[in-house]
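Everything on this sheet refers to the single structure shown next.
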Amino acid sequence: MSSQSWDKSKLPSRHVSVGPERAPHRSYYYAMGMTEEEINQPLVGVVSTWNEAAPCNIALSRQAQAAKKGVADHAGTPREFTTITVTDGIAMGHQGMKSSLVSREVIADSIELTVRGHCYDAIIGLAGCDKSLPGVMMSMARLNVPSVFMYGGSILPGRYKDKDVTVQDVFEAVGAYAAGNMSDDDLHELECVACPSAGSCGGQFTANTMACVSEAIGLALPGSAGAPAPYESRDEYAYHSGRHVMELIKNNIRPRDILTRKAFENAATIVAASGGSTNAGLHLPALAAECGIEFDLHDVAEIFKRTPYIADLKPGGRYVAKDMYEIGGVPVLLKTLYEGGFIHGDCLTVTGKTMAENLANVLFPSDQDVIRPVSAPLSPTGGVVGLRGNLAPEGAIVKVAGMSNLVFTGTARCFDCEEDAFAAVERRDYKEGEVIVIRYEGPKGGPGMREMLATTAAIYGQGMGDKVALITDGRFSGATRGFCIGHVGPEAAVGGPIGLLKDGDQITIDAKQGTISVDLSEAELATRRQDWKPRETDYQSGTLWKYAQTVGSAEKGALTHPGGKAETHVYADI
């Protein structure tokens with residue numbers, strides 16, 4: 001397609017490139033070496049979360065160059081920019097984790113501002129770390145310009161004592177070391193080999209969960225989520241992402257044409273089927289809200305309840321992302337779910353074809369056990385379960401993939417921050433049968449809704465993973481395993497029941513029935529509520545303070561703005 005065939009009268013970039021009054025704007029483009037032909041073509045923002053903070057992002061700049069070539073070879077003009085990430089593995093276990101969920105909003109906001117300010121016509125977004133995937137996709141839905149998402153790829157598995165390992169093993173080794181079950185030398189050897197390449201954490205943790213979502217929801221090219229970050233085939237997917245975004249512009253196919261209610265149901269299905277991260281219960285409602293679609297934690301949980309768990313992936317299972325890629329990747333998982341009647345085949349995708357059309361030639365390989373057929377699942381219901389009860393009227397969520405015991409009753413042991421709980425665990429100052437409660441770590445109360453992997457992994461490393469439960473109004477890493485319940489709402493900071501608990505209260509968690517309750521009468525809870533007083537955090541200024549002023553409940557995705565329902569216009573139509 002030649003540049004002469006582009007009619008910019010309805011493209012946002014007309015505001016910065018067309019007409020005599022835009023001569024000053026064009027002078028800036030000439031300053032960057034752009035030609036008149038390039039200025040007259042659609043301007044495509046190519047955004048990546050490249051940085052040197054962690055291996056998750058280090059390969060994204062390379063992939064962005066391939067995406068830019070795909071745009072340029074198909075009569076578009078790529079304009080590259082980057083945005084932030086906060087890498088959970090490095091932020092974990094200290095105050096830095098308060099920045100993690102907040103970064104999702106900053107990523108979406110910063111992409112929105114860049115695209116609005118420079119009037120880009122389309123977006124290709126490349127992301128690696130956990131919150132960057134939903135953050136980039138949220139910006140696409142919010143702006144509603146033609147968009148293609150691409151995951152940067154997973155890390156290769158490490159090898160330690162003849163078995164595959166991930167960073168999860170290192171976190172759990174800290175607990176083993178504290179319990180005297182691992183030597184200094186062994187811990188050092190493990191940390192040196194666990195993460196051998198560029199790429200995001202290799203198990204079905206949050207990054208790989210949301211990468212699967214990107215294909216299932218239709219925003220990414222089929223197969224693009226699978227190849228590990230170092231593989232050159234990722235560059236080919238990036239190139240074709242550039243090619244496809246130009247087709248989307250030509251055909252005026254936008255994210256909200258793709259992100260329908262059925263598409264969100266497909267996304268929740270793949271999370272459950274793969275034993276994915278509980279964080280999907282936060283990110284899917286947030287992404288849906290950007291489209292003006294009601295799809296909260298309870299809607300997600302309903303789909304989890306009816307979906308078979310069929311992909312045997314870490315942390316609950318045996319395999320890592322590279323193993324699933326080698327047997328055909330996400331398309332194989334989608335195909336068996338589709339044939340089993342669990343996936344809507346009529347959803348539009350960024351290929352311009354439906355999900356069913358994309359899957360038509362995908363074959364399910366029988367000589368593997370990474371993905372089971374739906375007729376022989378690992379369990380008949382999803383690897384993630386929603387809970388509700390008098391302890392969590394707004395709901396909670398637990399990953400049950402790989403767990404054998406789904407009911408737990410124990411006495412509360414309450415901590416008002418993660419540091420105090422972790423210190424108690426390090427001292428082994430807790431007992432079998434207790435329910436460790438970590439509160440005031442919710443979206444508003446943290447602020448920032450921290451993940452608790454350091455604490456849960458230490459418990460598991462001490463051999464206590466199936467002997468205690470843990471509940472929090474904060475979050476868990478996708479690498480967390482054991483009886484760990486997150487997103488308890490309302491959170492303690494707004495007077496939720498979790499903030500009213502006292503040591504010794506009896507708590508029952510039933511992941512079979514989907515309930516979480518404390519053995520207290522409504523009268524007793526009301527009396528305690530009268531005595532409860534709100535707390536101030538240490539964050540009375542800056543970004544975390546701003547976040548705490550606007551953030552909503554985890555039940556609705558921890559949103560900081562009203563979302564698509566409140567819009568009077570969409571950027572794409574300016």
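Lettering and numbering for the structure tokens are positional, with chains as A, B, ... in the shown order, residues counted from 1 in each chain, and ligands counted from 1 in the shown order.
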
What are the nearest atom pairs, with distances in Å to one decimal, for all residues of region 194-291 of chain A that come at most 12 Å from region 448-460 of chain A, using only C-alpha atoms, set out by chain and rising residue number as a tab-separated table?
residue	atom	partner	partner_atom	distance
A:Phe205	CA	A:Leu453	CA	11.3
A:Thr206	CA	A:Glu451	CA	11.3
A:Ser277	CA	A:Glu451	CA	11.6
A:Thr278	CA	A:Glu451	CA	10.7
A:Asn279	CA	A:Glu451	CA	9.5
A:Leu282	CA	A:Met449	CA	10.8

For the residues in the current selection, export all heavy atoms as a PDB file, in the first residue's frame.
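Listing of result25.pdb after writing:
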ATOM      1  N   PHE A 205       3.406 -18.098  36.194  1.00  0.00           N
ATOM      2  CA  PHE A 205       3.266 -17.013  37.151  1.00  0.00           C
ATOM      3  C   PHE A 205       2.513 -15.882  36.432  1.00  0.00           C
ATOM      4  O   PHE A 205       1.903 -16.109  35.388  1.00  0.00           O
ATOM      5  CB  PHE A 205       4.632 -16.576  37.663  1.00  0.00           C
ATOM      6  CG  PHE A 205       5.537 -17.717  38.112  1.00  0.00           C
ATOM      7  CD1 PHE A 205       6.922 -17.609  38.038  1.00  0.00           C
ATOM      8  CD2 PHE A 205       5.008 -18.902  38.598  1.00  0.00           C
ATOM      9  CE1 PHE A 205       7.753 -18.645  38.439  1.00  0.00           C
ATOM     10  CE2 PHE A 205       5.836 -19.954  39.009  1.00  0.00           C
ATOM     11  CZ  PHE A 205       7.212 -19.818  38.921  1.00  0.00           C
ATOM     12  N   THR A 206       2.547 -14.674  36.957  1.00  0.00           N
ATOM     13  CA  THR A 206       1.668 -13.634  36.389  1.00  0.00           C
ATOM     14  C   THR A 206       2.031 -13.276  34.954  1.00  0.00           C
ATOM     15  O   THR A 206       1.143 -13.097  34.107  1.00  0.00           O
ATOM     16  CB  THR A 206       1.688 -12.384  37.278  1.00  0.00           C
ATOM     17  OG1 THR A 206       1.326 -12.755  38.609  1.00  0.00           O
ATOM     18  CG2 THR A 206       0.701 -11.348  36.767  1.00  0.00           C
ATOM     19  N   SER A 277      -2.022 -17.349  37.458  1.00  0.00           N
ATOM     20  CA  SER A 277      -1.844 -16.483  38.618  1.00  0.00           C
ATOM     21  C   SER A 277      -3.168 -15.901  39.097  1.00  0.00           C
ATOM     22  O   SER A 277      -4.024 -15.499  38.304  1.00  0.00           O
ATOM     23  CB  SER A 277      -0.900 -15.333  38.246  1.00  0.00           C
ATOM     24  OG  SER A 277      -0.900 -14.337  39.239  1.00  0.00           O
ATOM     25  N   THR A 278      -3.309 -15.808  40.426  1.00  0.00           N
ATOM     26  CA  THR A 278      -4.482 -15.143  41.006  1.00  0.00           C
ATOM     27  C   THR A 278      -4.549 -13.679  40.598  1.00  0.00           C
ATOM     28  O   THR A 278      -5.618 -13.064  40.647  1.00  0.00           O
ATOM     29  CB  THR A 278      -4.452 -15.232  42.539  1.00  0.00           C
ATOM     30  OG1 THR A 278      -3.215 -14.715  43.027  1.00  0.00           O
ATOM     31  CG2 THR A 278      -4.623 -16.669  43.017  1.00  0.00           C
ATOM     32  N   ASN A 279      -3.425 -13.103  40.183  1.00  0.00           N
ATOM     33  CA  ASN A 279      -3.438 -11.701  39.768  1.00  0.00           C
ATOM     34  C   ASN A 279      -4.337 -11.460  38.556  1.00  0.00           C
ATOM     35  O   ASN A 279      -4.787 -10.330  38.326  1.00  0.00           O
ATOM     36  CB  ASN A 279      -2.017 -11.220  39.463  1.00  0.00           C
ATOM     37  CG  ASN A 279      -1.241 -10.944  40.734  1.00  0.00           C
ATOM     38  OD1 ASN A 279      -1.688 -10.197  41.589  1.00  0.00           O
ATOM     39  ND2 ASN A 279      -0.085 -11.566  40.871  1.00  0.00           N
ATOM     40  N   LEU A 282      -7.453  -9.738  39.213  1.00  0.00           N
ATOM     41  CA  LEU A 282      -7.360  -8.285  39.366  1.00  0.00           C
ATOM     42  C   LEU A 282      -7.273  -7.604  38.006  1.00  0.00           C
ATOM     43  O   LEU A 282      -7.911  -6.572  37.766  1.00  0.00           O
ATOM     44  CB  LEU A 282      -6.104  -7.969  40.180  1.00  0.00           C
ATOM     45  CG  LEU A 282      -5.981  -6.637  40.899  1.00  0.00           C
ATOM     46  CD1 LEU A 282      -7.012  -6.514  42.005  1.00  0.00           C
ATOM     47  CD2 LEU A 282      -4.574  -6.520  41.472  1.00  0.00           C
TER      48      LEU A 282
END

Sorted by chain and rising residue number, which residues of region 117-184 of chain A lie within 6 Å of region 246-259 of chain A, and what are their closest atom pairs and distances in Å to one decimal, counting only C-alpha atoms, as CSV?
residue,atom,partner,partner_atom,distance
A:Ala141,CA,A:Pro255,CA,5.6
A:Asn144,CA,A:Pro255,CA,5.5
A:Val145,CA,A:Arg254,CA,5.6
A:Pro146,CA,A:Arg254,CA,4.5

Let me see the file: selected residues, C-alpha atoms, as a PDB file, in the first residue's frame.
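The result, written out as result_27.pdb:
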ATOM      1  CA  ALA A 141      -8.462  -0.552  25.317  1.00  0.00           C
ATOM      2  CA  ASN A 144      -9.145   2.234  21.260  1.00  0.00           C
ATOM      3  CA  VAL A 145      -6.789   2.768  18.328  1.00  0.00           C
ATOM      4  CA  PRO A 146      -5.837  -0.327  16.268  1.00  0.00           C
TER       5      PRO A 146
END

**OP:** Looking only at helix (DSSP H, G or I) from DSSP on the backbone, list the matching residues of region 209-307 of chain A as a PyMOL selection string.
**Re:** chain A and resi 209-216+233-251+255-258+261-273+280-290+297-305

Original post:
Near Val165 (chain A), counting only C-alpha atoms, which residues have an atom at most 12 Å away, once you skip same-chain residues fewer than 2 positions from it, shown as an MDAnalysis selection string?
Top reply: chainID A and resid 155:163 167:173 189:196 201:203 314:315 318:321

Same residues, N, CA and C atoms, output as a compact mmCIF listing (two decimals), in the first residue's frame:
# COMPACT_ATOMS: atom_id res chain seq x y z
N ILE A 155 11.80 -16.65 30.32
CA ILE A 155 13.20 -17.01 30.57
C ILE A 155 13.37 -18.52 30.34
N LEU A 156 14.55 -18.94 30.01
CA LEU A 156 14.83 -20.37 29.91
C LEU A 156 14.94 -20.94 31.33
N PRO A 157 14.57 -22.19 31.52
CA PRO A 157 14.69 -22.76 32.87
C PRO A 157 16.14 -22.93 33.28
N GLY A 158 16.40 -22.75 34.57
CA GLY A 158 17.73 -23.06 35.09
C GLY A 158 17.84 -24.55 35.38
N ARG A 159 19.07 -25.02 35.62
CA ARG A 159 19.29 -26.43 35.99
C ARG A 159 20.06 -26.48 37.29
N TYR A 160 19.50 -27.20 38.25
CA TYR A 160 20.15 -27.34 39.55
C TYR A 160 19.95 -28.77 40.02
N LYS A 161 21.06 -29.45 40.25
CA LYS A 161 21.02 -30.84 40.70
C LYS A 161 20.11 -31.69 39.81
N ASP A 162 20.30 -31.51 38.50
CA ASP A 162 19.63 -32.33 37.49
C ASP A 162 18.13 -32.10 37.35
N LYS A 163 17.65 -30.95 37.75
CA LYS A 163 16.24 -30.65 37.49
C LYS A 163 16.06 -29.18 37.11
N VAL A 167 12.93 -18.99 39.52
CA VAL A 167 13.17 -18.10 40.65
C VAL A 167 12.31 -18.50 41.85
N GLN A 168 11.18 -19.15 41.61
CA GLN A 168 10.36 -19.65 42.71
C GLN A 168 11.17 -20.56 43.62
N ASP A 169 12.01 -21.40 43.03
CA ASP A 169 12.83 -22.31 43.82
C ASP A 169 13.81 -21.55 44.71
N VAL A 170 14.28 -20.39 44.22
CA VAL A 170 15.21 -19.60 45.02
C VAL A 170 14.48 -18.97 46.21
N PHE A 171 13.29 -18.44 45.97
CA PHE A 171 12.51 -17.87 47.08
C PHE A 171 12.22 -18.95 48.13
N GLU A 172 11.86 -20.15 47.68
CA GLU A 172 11.57 -21.23 48.63
C GLU A 172 12.84 -21.72 49.32
N ALA A 173 13.98 -21.59 48.64
CA ALA A 173 15.25 -21.99 49.24
C ALA A 173 15.61 -21.11 50.44
N GLU A 189 24.79 -21.58 44.94
CA GLU A 189 24.81 -22.29 43.65
C GLU A 189 23.47 -22.17 42.95
N LEU A 190 22.38 -22.31 43.71
CA LEU A 190 21.04 -22.22 43.13
C LEU A 190 20.77 -20.82 42.58
N GLU A 191 21.11 -19.80 43.35
CA GLU A 191 20.82 -18.43 42.88
C GLU A 191 21.60 -18.09 41.62
N CYS A 192 22.76 -18.72 41.45
CA CYS A 192 23.60 -18.43 40.27
C CYS A 192 23.10 -19.10 38.99
N VAL A 193 22.27 -20.14 39.11
CA VAL A 193 21.86 -20.88 37.92
C VAL A 193 20.37 -20.81 37.63
N ALA A 194 19.58 -20.25 38.55
CA ALA A 194 18.11 -20.32 38.42
C ALA A 194 17.58 -19.51 37.24
N CYS A 195 18.24 -18.42 36.90
CA CYS A 195 17.74 -17.51 35.85
C CYS A 195 18.83 -17.33 34.80
N PRO A 196 18.91 -18.22 33.80
CA PRO A 196 20.06 -18.25 32.90
C PRO A 196 19.97 -17.39 31.64
N CYS A 201 9.77 -14.64 34.26
CA CYS A 201 9.80 -15.87 35.06
C CYS A 201 9.10 -17.01 34.34
N GLY A 202 9.70 -18.21 34.39
CA GLY A 202 9.36 -19.29 33.47
C GLY A 202 8.15 -20.12 33.81
N GLY A 203 7.65 -20.06 35.04
CA GLY A 203 6.47 -20.84 35.39
C GLY A 203 5.19 -20.12 34.98
N LYS A 314 4.20 -25.18 36.41
CA LYS A 314 4.62 -24.65 37.70
C LYS A 314 3.87 -23.35 37.98
N PRO A 315 3.60 -23.02 39.28
CA PRO A 315 4.17 -23.62 40.47
C PRO A 315 3.46 -24.87 40.98
N ARG A 318 4.41 -29.48 36.94
CA ARG A 318 5.78 -29.94 36.69
C ARG A 318 6.54 -29.15 35.63
N TYR A 319 5.82 -28.45 34.75
CA TYR A 319 6.47 -27.90 33.56
C TYR A 319 6.55 -26.38 33.57
N VAL A 320 7.43 -25.85 32.70
CA VAL A 320 7.58 -24.40 32.56
C VAL A 320 7.11 -23.98 31.17
N ALA A 321 7.08 -22.66 30.95
CA ALA A 321 6.54 -22.11 29.70
C ALA A 321 7.23 -22.69 28.46

Subject >> Leu559 (chain A) surroundings by only C-alpha atoms, 7 Å radius, close-in-sequence under 5 positions cut, as a PyMOL selection string >> reply: chain A and resi 286+551-552

I want to know what sits within 8 Å of region 296-303 of chain A, based on only C-alpha atoms, with residues of the same chain fewer than 5 positions away left out; could you give that as an mmCIF file with C-alpha atoms, in the first residue's frame?
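Once everything was written out, this is selection19.cif:
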data_model
loop_
_atom_site.group_PDB
_atom_site.id
_atom_site.type_symbol
_atom_site.label_atom_id
_atom_site.label_comp_id
_atom_site.auth_asym_id
_atom_site.auth_seq_id
_atom_site.Cartn_x
_atom_site.Cartn_y
_atom_site.Cartn_z
ATOM 1 C CA GLU A 265 -14.709 -15.204 29.268
ATOM 2 C CA ALA A 268 -10.645 -16.250 32.307
ATOM 3 C CA THR A 269 -10.958 -19.765 30.894
ATOM 4 C CA ALA A 272 -8.183 -21.460 35.064
ATOM 5 C CA GLY A 281 -8.526 -11.880 38.977
ATOM 6 C CA LEU A 282 -7.360 -8.285 39.366
ATOM 7 C CA LEU A 284 -9.151 -8.908 33.832
ATOM 8 C CA PRO A 285 -11.728 -6.715 35.653
ATOM 9 C CA VAL A 384 -7.897 -20.810 40.632
ATOM 10 C CA VAL A 385 -10.981 -20.449 42.858
ATOM 11 C CA GLY A 386 -13.031 -17.469 44.028
ATOM 12 C CA GLY A 395 -14.668 -11.828 47.630
ATOM 13 C CA ALA A 554 -9.757 -5.349 44.362
ATOM 14 C CA GLU A 555 -13.192 -6.793 43.549
ATOM 15 C CA LYS A 556 -13.448 -4.373 40.600
ATOM 16 C CA GLY A 557 -9.767 -4.551 39.583
#

Subject >> Surrounding residues of Ser9 (chain A) excluding itself and chain neighbours under 3 positions, 12 Å, only C-alpha atoms, as a VMD selection string >> reply: chain A and resid 5 to 6 12 to 19 40 to 42 121 573 to 574

Original post:
Quick one, how far is CA of His569 (chain A) from CA of Gly117 (chain A)?
Top reply: 16.2 Å
